[in-house]
Amino acid sequence: AASTAINAAAAAAGGAAVGKPGLAAAAGVVDYDAATECVAVVSANDAQQTARVVCVDPLARNAGDLFLATGAVDESHCGDYLAFAASCTQTDRLYEAKRQILEGMGMSADGQTFPVFADRMPMQLLAYMRFARVQDPGELMSVSFEEDRIVSPMNEYEVLQLLMQDAREMLAEYESSSEEFELLQLKEKGLSVRQRAAAKLRLAEKRLINATTTAVRRRLAPIRGIPTKQGLEDPNADLLEIFDAIENLPNKPKQMFDEFRKWARGDYEDQIRSE
């Protein structure tokens with residue numbers, strides 16, 4: 001709706017700007033002028049009277065906020081995002097230290113939101129969650145908000161699992177967590193303009209959440225163990241032990257015969273007397 005208003009305003013300027021200075025295209029914002037009670041298009045640079053003005057949202061709103069403001073859904077919103085929230089646990093013995101450090105960086109320990117995009121991993125959110133879940137004071141300052149650096153395998157495993165859980169909870173808030181639900185709905189006839197726009201918005205949000213879960217799964221893949229106090233254990237350790245026992249079954253008769261020969265030779269007499 002905003003881009004339509006801009007194009008209409010540019011067309012209403014009228015006349016070819018032959019011989020007049022200015023750019024053939026411009027970037028601007030739509031604003032309301034209270035003095036004239038009119039919607040004004042404010043260009044950020046000098047432009048010709050008939051120049052096409054591209055809308056720049058000064059508030060950096062996502063598709064959901066723009067839908068609430070304009071009633072339309074921009075399906076080609078390349079900068080669309082969802083806000084994920086994270087916080088520190090107040091019962092954490094390191095909470096006060098974490099709070100002071102975060103406030104020094106302009107963040108809150110009680111609740112901080114981060115934009116999550118479909119085409120990239122939310123590095124600031126990951127760094128915050130790594131910092132929030134650290135339990136060892138020695139690792140507190142090893143968390144980096146500037147680069148993607150793992151604190152420890154246990155910390156990374158916990159953070160990725162929490163992020164995956166947050167994404168699943170967001171999907172559970174919809175009537176259906178499947179993207180197919182909206183795709184089928186958009187094929188229905190008789191949908192109102194608002195119903196169609198809402199379905200497009202839900203579809204865009206689900207795609208963004210699913211893209212995030214896919215990225216988290218890729219991060220989890222190299223962590224093949226289960227975190228314990230001793231480190232990472234193979235989650236299939238019990239199964240591997242069973243298969244090792246099965247593979248060694250053909251050797252059991254030979255082992256029994258060797259043990260019988262040792263007994264027949266009297267190799268165990270000293271051991272039996274001592275018992």
# chains A, B, ... in the order shown; residues from 1 in each chain; ligands from 1

$ residues_around --residues "Ala211 in chain A" --least-positions-apart "5" --cutoff "9 Å" --atoms "only C-alpha atoms" --output "ChimeraX atom specification"
/A:117-120,206,216

$ residues_around --residues "range 130-144 of chain A" --least-positions-apart "5" --cutoff "8 Å" --atoms "only C-alpha atoms" --output "ChimeraX atom specification"
/A:87-89,94,98,149-151,155-156,158-159

$ select_by_dssp --residues "range 38-186 of chain A" --states "strand (DSSP E)" --output "MDAnalysis selection string"
chainID A and resid 38:43 47:55 81:86 112:117

$ residues_around --residues "range 77-84 of chain A" --least-positions-apart "3" --cutoff "6 Å" --atoms "only C-alpha atoms" --output "list in words"
Asn62, Ala63, Asp74, Thr113, Phe114, Pro115, Val116 and Phe117 of chain A

$ residues_around --residues "Asp166 in chain A" --least-positions-apart "3" --cutoff "10 Å" --atoms "only C-alpha atoms" --output "PyMOL selection string"
chain A and resi 84-86+160-163+169-172+209+213
